[in-house]
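For reference, structure.pdb (PDB, C-alpha atoms):
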MODEL        1
ATOM      1  CA  MET U  20       0.000   0.000   0.000
ATOM      2  CA  SER U  21       1.323   3.384  -1.018
ATOM      3  CA  ASN U  22       0.336   6.992  -0.594
ATOM      4  CA  HIS U  23      -0.731   8.636  -3.862
ATOM      5  CA  GLN U  24       0.817  12.018  -4.698
ATOM      6  CA  GLY U  25       0.664  12.289  -8.489
ATOM      7  CA  SER U  26       0.294  10.505 -11.802
ATOM      8  CA  TYR U  27       3.961   9.502 -11.837
ATOM      9  CA  ASP U  28       3.479   7.314  -8.738
ATOM     10  CA  ILE U  29       2.295   4.560 -11.043
ATOM     11  CA  PHE U  30       5.341   4.759 -13.334
ATOM     12  CA  SER U  31       7.752   4.998 -10.401
ATOM     13  CA  LEU U  32       6.353   1.999  -8.574
ATOM     14  CA  THR U  33       6.136  -0.049 -11.770
ATOM     15  CA  ALA U  34       9.790   0.662 -12.514
ATOM     16  CA  HIS U  35      11.234   0.278  -9.024
ATOM     17  CA  LEU U  36       9.344  -2.210  -6.892
ATOM     18  CA  PRO U  37      11.442  -5.385  -6.729
ATOM     19  CA  PHE U  38       8.593  -7.786  -7.575
ATOM     20  CA  GLN U  39       5.827  -8.274 -10.127
ATOM     21  CA  PHE U  40       2.430  -6.943  -9.134
ATOM     22  CA  LYS U  41      -1.005  -5.925 -10.330
ATOM     23  CA  TRP U  42      -2.958  -2.756  -9.553
ATOM     24  CA  LEU U  43      -6.256  -2.487  -7.748
ATOM     25  CA  ALA U  44      -8.080   0.256  -9.660
ATOM     26  CA  LYS U  45     -11.497   1.864  -9.760
ATOM     27  CA  LYS U  46     -13.705   0.361 -12.447
ATOM     28  CA  GLU U  47     -13.969   3.657 -14.352
ATOM     29  CA  ILE U  48     -10.333   3.340 -15.451
ATOM     30  CA  PHE U  49     -11.142   0.058 -17.190
ATOM     31  CA  SER U  50     -13.487   1.904 -19.589
ATOM     32  CA  ILE U  51     -10.650   4.094 -20.949
ATOM     33  CA  PRO U  52      -9.876   2.862 -24.482
ATOM     34  CA  PHE U  53      -6.612   0.945 -24.799
ATOM     35  CA  LEU U  54      -5.476   1.611 -21.197
ATOM     36  CA  GLY U  55      -8.470  -0.118 -19.643
ATOM     37  CA  TRP U  56      -8.374  -2.931 -22.170
ATOM     38  CA  ALA U  57      -4.672  -3.507 -21.524
ATOM     39  CA  MET U  58      -5.232  -3.477 -17.746
ATOM     40  CA  MET U  59      -8.016  -6.033 -18.076
ATOM     41  CA  ALA U  60      -5.891  -8.261 -20.325
ATOM     42  CA  ALA U  61      -3.000  -8.048 -17.844
ATOM     43  CA  GLY U  62      -5.219  -9.231 -14.985
ATOM     44  CA  TYR U  63      -5.495  -5.982 -13.014
ATOM     45  CA  ILE U  64      -8.318  -5.898 -10.480
ATOM     46  CA  SER U  65     -11.346  -3.669 -11.049
ATOM     47  CA  ILE U  66     -13.231  -2.391  -8.013
ATOM     48  CA  ASP U  67     -16.607  -0.652  -8.079
ATOM     49  CA  ARG U  68     -16.594   1.887  -5.250
ATOM     50  CA  GLU U  69     -20.403   1.923  -5.123
ATOM     51  CA  GLY U  70     -20.515  -1.018  -2.694
ATOM     52  CA  THR U  71     -22.710  -3.243  -4.848
ATOM     53  CA  ARG U  72     -22.960  -7.033  -4.802
ATOM     54  CA  GLU U  73     -20.492  -7.035  -7.710
ATOM     55  CA  THR U  74     -18.040  -5.150  -5.474
ATOM     56  CA  VAL U  75     -18.226  -7.873  -2.830
ATOM     57  CA  GLU U  76     -17.745 -10.577  -5.464
ATOM     58  CA  ALA U  77     -14.770  -8.715  -6.992
ATOM     59  CA  MET U  78     -13.191  -8.287  -3.540
ATOM     60  CA  ASN U  79     -13.607 -11.992  -2.752
ATOM     61  CA  LYS U  80     -12.073 -12.935  -6.118
ATOM     62  CA  ALA U  81      -9.189 -10.513  -5.526
ATOM     63  CA  ALA U  82      -8.643 -11.881  -1.997
ATOM     64  CA  ARG U  83      -8.326 -15.425  -3.394
ATOM     65  CA  LYS U  84      -5.800 -14.274  -6.036
ATOM     66  CA  ILE U  85      -3.749 -12.407  -3.447
ATOM     67  CA  HIS U  86      -3.857 -15.295  -0.993
ATOM     68  CA  ASP U  87      -2.645 -17.555  -3.800
ATOM     69  CA  GLY U  88       0.416 -15.366  -4.412
ATOM     70  CA  MET U  89      -0.506 -12.384  -6.574
ATOM     71  CA  SER U  90       1.000  -9.115  -5.315
ATOM     72  CA  VAL U  91      -1.286  -6.095  -5.614
ATOM     73  CA  VAL U  92      -0.518  -2.404  -5.146
ATOM     74  CA  ILE U  93      -3.260  -0.357  -3.539
ATOM     75  CA  PHE U  94      -3.472   3.383  -2.960
ATOM     76  CA  PRO U  95      -5.513   3.423   0.261
ATOM     77  CA  GLU U  96      -6.256   7.146  -0.161
ATOM     78  CA  GLY U  97      -8.300   6.185  -3.213
ATOM     79  CA  SER U  98      -7.008   8.965  -5.455
ATOM     80  CA  ARG U  99      -4.167  11.446  -5.772
ATOM     81  CA  SER U 100      -3.714  13.980  -3.017
ATOM     82  CA  PRO U 101      -5.009  17.420  -4.055
ATOM     83  CA  ASP U 102      -2.602  19.276  -1.744
ATOM     84  CA  GLY U 103       0.366  16.980  -1.120
ATOM     85  CA  THR U 104      -0.757  15.771   2.298
ATOM     86  CA  ILE U 105      -1.627  12.162   2.983
ATOM     87  CA  GLN U 106      -5.398  11.897   2.723
ATOM     88  CA  PRO U 107      -7.696   9.706   4.864
ATOM     89  CA  PHE U 108      -7.514   6.017   4.014
ATOM     90  CA  LYS U 109     -10.449   4.075   2.618
ATOM     91  CA  LYS U 110     -11.300   0.733   4.205
ATOM     92  CA  GLY U 111     -11.584  -1.499   1.125
ATOM     93  CA  GLY U 112      -7.911  -2.339   0.726
ATOM     94  CA  PHE U 113      -7.641  -3.246   4.392
ATOM     95  CA  SER U 114     -10.671  -5.518   4.168
ATOM     96  CA  LEU U 115      -8.957  -7.171   1.221
ATOM     97  CA  ALA U 116      -5.714  -7.598   3.179
ATOM     98  CA  VAL U 117      -7.544  -9.128   6.147
ATOM     99  CA  LYS U 118      -9.433 -11.546   3.862
ATOM    100  CA  SER U 119      -6.232 -12.449   2.013
ATOM    101  CA  LYS U 120      -4.169 -13.052   5.174
ATOM    102  CA  VAL U 121      -1.027 -11.673   3.528
ATOM    103  CA  PRO U 122       1.311  -8.964   4.860
ATOM    104  CA  ILE U 123       0.935  -5.321   3.845
ATOM    105  CA  VAL U 124       4.134  -3.587   2.738
ATOM    106  CA  PRO U 125       3.831   0.159   3.479
ATOM    107  CA  VAL U 126       5.332   2.262   0.669
ATOM    108  CA  ALA U 127       5.933   6.006   0.879
ATOM    109  CA  ILE U 128       6.401   8.034  -2.275
ATOM    110  CA  SER U 129       7.404  11.683  -2.536
ATOM    111  CA  GLY U 130       8.122  14.048  -5.429
ATOM    112  CA  SER U 131       5.659  12.836  -8.038
ATOM    113  CA  ARG U 132       3.140  15.556  -7.221
ATOM    114  CA  GLU U 133       5.651  18.190  -8.316
ATOM    115  CA  ILE U 134       6.312  16.308 -11.548
ATOM    116  CA  MET U 135       2.670  15.920 -12.532
ATOM    117  CA  PRO U 136       0.078  17.167 -10.061
ATOM    118  CA  ARG U 137      -3.555  16.179 -10.106
ATOM    119  CA  GLY U 138      -5.398  17.875 -12.963
ATOM    120  CA  LYS U 139      -2.282  18.626 -15.048
ATOM    121  CA  LEU U 140      -1.210  16.883 -18.246
ATOM    122  CA  VAL U 141       2.239  18.437 -18.592
ATOM    123  CA  ALA U 142       5.193  16.876 -16.778
ATOM    124  CA  ASN U 143       7.863  18.882 -14.970
ATOM    125  CA  SER U 144      11.340  17.655 -14.130
ATOM    126  CA  GLY U 145      11.968  16.456 -10.602
ATOM    127  CA  VAL U 146      13.045  13.681  -8.277
ATOM    128  CA  ILE U 147      10.796  10.920  -6.944
ATOM    129  CA  ARG U 148      11.762   9.087  -3.776
ATOM    130  CA  VAL U 149      10.272   5.730  -2.775
ATOM    131  CA  ARG U 150      10.735   4.004   0.567
ATOM    132  CA  LEU U 151       9.486   0.530   1.463
ATOM    133  CA  ASP U 152       8.913  -0.360   5.110
ATOM    134  CA  THR U 153       8.794  -3.635   6.986
ATOM    135  CA  PRO U 154       5.767  -5.785   6.072
ATOM    136  CA  ILE U 155       2.859  -5.641   8.514
ATOM    137  CA  GLU U 156       1.320  -9.042   9.172
ATOM    138  CA  THR U 157      -2.424  -9.644   8.758
ATOM    139  CA  GLU U 158      -2.446 -13.400   9.445
ATOM    140  CA  ASP U 159      -4.094 -13.012  12.862
ATOM    141  CA  CYS U 160      -6.324 -10.054  11.894
ATOM    142  CA  SER U 161     -10.079 -10.147  11.536
ATOM    143  CA  ALA U 162     -12.576  -7.547  10.368
ATOM    144  CA  LYS U 163     -12.620  -6.049  13.870
ATOM    145  CA  ASP U 164      -8.873  -5.298  13.549
ATOM    146  CA  ARG U 165      -9.257  -3.279  10.349
ATOM    147  CA  GLU U 166      -9.133   0.176  12.000
ATOM    148  CA  ARG U 167      -6.025  -0.737  14.005
ATOM    149  CA  LEU U 168      -4.384  -2.098  10.855
ATOM    150  CA  MET U 169      -5.257   1.090   8.950
ATOM    151  CA  GLY U 170      -3.653   3.163  11.701
ATOM    152  CA  LYS U 171      -0.494   1.079  11.715
ATOM    153  CA  VAL U 172      -0.062   1.274   7.923
ATOM    154  CA  ARG U 173      -0.882   4.995   7.884
ATOM    155  CA  GLU U 174       1.688   5.657  10.616
ATOM    156  CA  ALA U 175       4.412   3.795   8.671
ATOM    157  CA  ILE U 176       3.626   5.557   5.386
ATOM    158  CA  THR U 177       3.413   8.985   7.042
ATOM    159  CA  ARG U 178       6.674   8.512   8.964
ATOM    160  CA  ASN U 179       8.522   7.455   5.816
ATOM    161  CA  PHE U 180       6.894  10.157   3.684
ATOM    162  CA  ASP U 181       8.091  12.785   6.159
ATOM    163  CA  LEU U 182      11.636  11.325   6.001
ATOM    164  CA  ILE U 183      11.930  11.191   2.230
ATOM    165  CA  SER U 184      10.170  14.521   1.675
ATOM    166  CA  LYS U 185      12.920  16.260   3.620
ATOM    167  CA  ALA U 186      15.771  14.423   1.878
TER     168      ALA U 186
ENDMDL
END

Taking this structure as input, can you express it in the form of structure tokens?
Amino acid sequence: MSNHQGSYDIFSLTAHLPFQFKWLAKKEIFSIPFLGWAMMAAGYISIDREGTRETVEAMNKAARKIHDGMSVVIFPEGSRSPDGTIQPFKKGGFSLAVKSKVPIVPVAISGSREIMPRGKLVANSGVIRVRLDTPIETEDCSAKDRERLMGKVREAITRNFDLISKA
């Protein structure tokens, strides 16, 4: 799980994370010609944020894939930060982690907002810093532990974001 500062987060994580992974993305992205089709063909996971029955089914399917070994990157803020601060986390990714019973690796990313902020299509030059933290276990977690887990992951991401933002 990573904070989400700008559009270049996706490119940076794709290029630098030391393992293969898929993205968990809102279903609207899958309707973008070519991009959405390619994401679907690559096995990326579509999530409907409306909370429908299809959402529950998609989350259960994703949890099985993750439990069986697929790594997935999630932006728990849901979308890019409008002001550079770490936004409140949404619960869906943590429910998925608890169902999957796999560790969460907190990832902090800094600098991508300055390169391509939300709402802009022109890239600026800059430096992006990424920091991975120690995995946080979910093996013994249940749905009642979700808030505590969210706090623990948020604390790790925020601490690391503060460190790399000042570097």

Item checked: Output check: residues returned by the PyMOL selection byres ((chain U and resi 182) around 12), as a PyMOL selection string -> chain U and resi 127-129+148-151+175-181+183-186

Assuming the chain letters and numbering stay as they are in my file, what does the PyMOL selection byres ((chain U and resi 31) around 10) actually select? List them as a CSV table (one decimal) with C-alpha atoms, keeping the file's coordinate frame.
chain,number,residue,atom,x,y,z
U,26,SER,CA,0.3,10.5,-11.8
U,27,TYR,CA,4.0,9.5,-11.8
U,28,ASP,CA,3.5,7.3,-8.7
U,29,ILE,CA,2.3,4.6,-11.0
U,30,PHE,CA,5.3,4.8,-13.3
U,32,LEU,CA,6.4,2.0,-8.6
U,33,THR,CA,6.1,0.0,-11.8
U,34,ALA,CA,9.8,0.7,-12.5
U,35,HIS,CA,11.2,0.3,-9.0
U,36,LEU,CA,9.3,-2.2,-6.9
U,128,ILE,CA,6.4,8.0,-2.3
U,131,SER,CA,5.7,12.8,-8.0
U,147,ILE,CA,10.8,10.9,-6.9
U,148,ARG,CA,11.8,9.1,-3.8
U,149,VAL,CA,10.3,5.7,-2.8

Check: Which residues come within 6 Å of region 38-48 of chain U, counting all atoms listed in the file, excluding same-chain residues fewer than 2 positions away, as a list in words?
Finding: Leu36, Ser50, Ile51, Gly55, Tyr63, Ile64, Ser65, Ile66, Asp67, Ser90, Val91, Val92 and Ile93 of chain U

Checklist line | Neighbour list for Val121 (chain U) as a VMD selection string, cut-off 10 Å, only C-alpha atoms, skip fewer than 6 positions in-chain | finding: chain U and resid 82 85 to 88 90 115 154 to 159

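Residue nearest Gly97 (chain U) within the list U:Glu174, U:Asn22, U:Lys120, U:Glu133: U:Asn22 [criterion: smallest interatomic distance, all atoms listed in the file].
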
Item checked: Using only C-alpha atoms: which of U:Cys160, U:Ala61, U:Val146, U:Val124 has the shortest distance to Arg173 (chain U) ->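 Answer, going by the shortest atom-to-atom distance: U:Val124.
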
Check: Quick one: distance from CA of Phe53 (chain U) to CA of Asn79 (chain U) in Å, one decimal?
Finding: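 Interatomic distance here is 26.5 Å.
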
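Close contacts of Arg165 (chain U), defined as residues with an atom at most 12 Å away when counting all atoms listed in the file, with chain neighbours fewer than 2 positions off set aside, comprise U:Phe108, U:Lys109, U:Lys110, U:Gly111, U:Gly112, U:Phe113, U:Ser114, U:Leu115, U:Ala116, U:Val117, U:Lys118, U:Thr157, U:Asp159, U:Cys160, U:Ser161, U:Ala162, U:Lys163, U:Arg167, U:Leu168, U:Met169, U:Gly170, U:Lys171, U:Val172.
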
Check: CA of Arg99 (chain U) to CA of Gly145 (chain U): how many Å, to one decimal?
Finding: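 It comes out at 17.6 Å.
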
Item checked: d(CA of Ser100 (chain U), CA of Gly138 (chain U)) in Å ->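 The value is 10.8 Å.
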
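Nearest-residue note for Thr153 (chain U): choosing from U:Pro125, U:Val141, U:Lys84, U:Gly130, the minimum distance belongs to U:Pro125, counting only C-alpha atoms.
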
Next item on the list: Find, counting all atoms listed in the file, the residue in U:Pro122, U:Trp56, U:Phe94, U:Asp164 that gets nearest to Gly25 (chain U).
Entry: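 The closest residue to Gly25 (chain U) is U:Phe94.
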
Notebook entry, point to check: Nearest to Arg137 (chain U): which of U:Pro101, U:Pro37, U:Pro52, U:Pro107 is it, counting all atoms listed in the file?
Noted result: U:Pro101

Complete region 144-170 of chain U with N, CA and C atoms (output as a PDB file, in the frame of the given file).
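In the end it all went to selection-v1.pdb:
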ATOM      1  N   SER U 144      10.226  18.478 -14.582  1.00  0.00           N
ATOM      2  CA  SER U 144      11.340  17.655 -14.130  1.00  0.00           C
ATOM      3  C   SER U 144      11.308  17.591 -12.604  1.00  0.00           C
ATOM      4  N   GLY U 145      11.939  16.591 -12.047  1.00  0.00           N
ATOM      5  CA  GLY U 145      11.968  16.456 -10.602  1.00  0.00           C
ATOM      6  C   GLY U 145      12.537  15.119 -10.173  1.00  0.00           C
ATOM      7  N   VAL U 146      12.519  14.905  -8.876  1.00  0.00           N
ATOM      8  CA  VAL U 146      13.045  13.681  -8.277  1.00  0.00           C
ATOM      9  C   VAL U 146      11.921  13.011  -7.494  1.00  0.00           C
ATOM     10  N   ILE U 147      11.774  11.708  -7.698  1.00  0.00           N
ATOM     11  CA  ILE U 147      10.796  10.920  -6.944  1.00  0.00           C
ATOM     12  C   ILE U 147      11.567   9.999  -6.007  1.00  0.00           C
ATOM     13  N   ARG U 148      11.151   9.973  -4.762  1.00  0.00           N
ATOM     14  CA  ARG U 148      11.762   9.087  -3.776  1.00  0.00           C
ATOM     15  C   ARG U 148      10.720   8.076  -3.319  1.00  0.00           C
ATOM     16  N   VAL U 149      11.146   6.822  -3.205  1.00  0.00           N
ATOM     17  CA  VAL U 149      10.272   5.730  -2.775  1.00  0.00           C
ATOM     18  C   VAL U 149      10.949   5.020  -1.618  1.00  0.00           C
ATOM     19  N   ARG U 150      10.183   4.725  -0.586  1.00  0.00           N
ATOM     20  CA  ARG U 150      10.735   4.004   0.567  1.00  0.00           C
ATOM     21  C   ARG U 150       9.765   2.911   0.983  1.00  0.00           C
ATOM     22  N   LEU U 151      10.268   1.675   1.011  1.00  0.00           N
ATOM     23  CA  LEU U 151       9.486   0.530   1.463  1.00  0.00           C
ATOM     24  C   LEU U 151       9.782   0.291   2.934  1.00  0.00           C
ATOM     25  N   ASP U 152       8.759  -0.083   3.685  1.00  0.00           N
ATOM     26  CA  ASP U 152       8.913  -0.360   5.110  1.00  0.00           C
ATOM     27  C   ASP U 152       8.765  -1.860   5.347  1.00  0.00           C
ATOM     28  N   THR U 153       8.928  -2.238   6.579  1.00  0.00           N
ATOM     29  CA  THR U 153       8.794  -3.635   6.986  1.00  0.00           C
ATOM     30  C   THR U 153       7.348  -4.095   6.782  1.00  0.00           C
ATOM     31  N   PRO U 154       7.138  -5.284   6.240  1.00  0.00           N
ATOM     32  CA  PRO U 154       5.767  -5.785   6.072  1.00  0.00           C
ATOM     33  C   PRO U 154       5.018  -5.869   7.407  1.00  0.00           C
ATOM     34  N   ILE U 155       3.735  -5.568   7.346  1.00  0.00           N
ATOM     35  CA  ILE U 155       2.859  -5.641   8.514  1.00  0.00           C
ATOM     36  C   ILE U 155       1.970  -6.861   8.334  1.00  0.00           C
ATOM     37  N   GLU U 156       2.056  -7.786   9.263  1.00  0.00           N
ATOM     38  CA  GLU U 156       1.320  -9.042   9.172  1.00  0.00           C
ATOM     39  C   GLU U 156      -0.191  -8.848   9.346  1.00  0.00           C
ATOM     40  N   THR U 157      -0.966  -9.653   8.637  1.00  0.00           N
ATOM     41  CA  THR U 157      -2.424  -9.644   8.758  1.00  0.00           C
ATOM     42  C   THR U 157      -2.960 -11.031   9.101  1.00  0.00           C
ATOM     43  N   GLU U 158      -2.057 -12.000   9.233  1.00  0.00           N
ATOM     44  CA  GLU U 158      -2.446 -13.400   9.445  1.00  0.00           C
ATOM     45  C   GLU U 158      -3.446 -13.565  10.592  1.00  0.00           C
ATOM     46  N   ASP U 159      -3.226 -12.862  11.690  1.00  0.00           N
ATOM     47  CA  ASP U 159      -4.094 -13.012  12.862  1.00  0.00           C
ATOM     48  C   ASP U 159      -5.172 -11.929  12.936  1.00  0.00           C
ATOM     49  N   CYS U 160      -5.344 -11.145  11.888  1.00  0.00           N
ATOM     50  CA  CYS U 160      -6.324 -10.054  11.894  1.00  0.00           C
ATOM     51  C   CYS U 160      -7.694 -10.545  11.439  1.00  0.00           C
ATOM     52  N   SER U 161      -8.708  -9.912  11.985  1.00  0.00           N
ATOM     53  CA  SER U 161     -10.079 -10.147  11.536  1.00  0.00           C
ATOM     54  C   SER U 161     -10.685  -8.795  11.191  1.00  0.00           C
ATOM     55  N   ALA U 162     -11.917  -8.794  10.755  1.00  0.00           N
ATOM     56  CA  ALA U 162     -12.576  -7.547  10.368  1.00  0.00           C
ATOM     57  C   ALA U 162     -12.558  -6.529  11.504  1.00  0.00           C
ATOM     58  N   LYS U 163     -12.616  -6.989  12.733  1.00  0.00           N
ATOM     59  CA  LYS U 163     -12.620  -6.049  13.870  1.00  0.00           C
ATOM     60  C   LYS U 163     -11.269  -5.362  14.066  1.00  0.00           C
ATOM     61  N   ASP U 164     -10.213  -5.885  13.444  1.00  0.00           N
ATOM     62  CA  ASP U 164      -8.873  -5.298  13.549  1.00  0.00           C
ATOM     63  C   ASP U 164      -8.568  -4.297  12.436  1.00  0.00           C
ATOM     64  N   ARG U 165      -9.507  -4.097  11.543  1.00  0.00           N
ATOM     65  CA  ARG U 165      -9.257  -3.279  10.349  1.00  0.00           C
ATOM     66  C   ARG U 165      -8.827  -1.848  10.698  1.00  0.00           C
ATOM     67  N   GLU U 166      -9.480  -1.206  11.630  1.00  0.00           N
ATOM     68  CA  GLU U 166      -9.133   0.176  12.000  1.00  0.00           C
ATOM     69  C   GLU U 166      -7.719   0.250  12.572  1.00  0.00           C
ATOM     70  N   ARG U 167      -7.373  -0.701  13.419  1.00  0.00           N
ATOM     71  CA  ARG U 167      -6.025  -0.737  14.005  1.00  0.00           C
ATOM     72  C   ARG U 167      -4.988  -0.939  12.908  1.00  0.00           C
ATOM     73  N   LEU U 168      -5.279  -1.832  11.973  1.00  0.00           N
ATOM     74  CA  LEU U 168      -4.384  -2.098  10.855  1.00  0.00           C
ATOM     75  C   LEU U 168      -4.220  -0.845   9.986  1.00  0.00           C
ATOM     76  N   MET U 169      -5.316  -0.155   9.717  1.00  0.00           N
ATOM     77  CA  MET U 169      -5.257   1.090   8.950  1.00  0.00           C
ATOM     78  C   MET U 169      -4.346   2.105   9.640  1.00  0.00           C
ATOM     79  N   GLY U 170      -4.479   2.224  10.949  1.00  0.00           N
ATOM     80  CA  GLY U 170      -3.653   3.163  11.701  1.00  0.00           C
ATOM     81  C   GLY U 170      -2.182   2.815  11.641  1.00  0.00           C
TER      82      GLY U 170
END
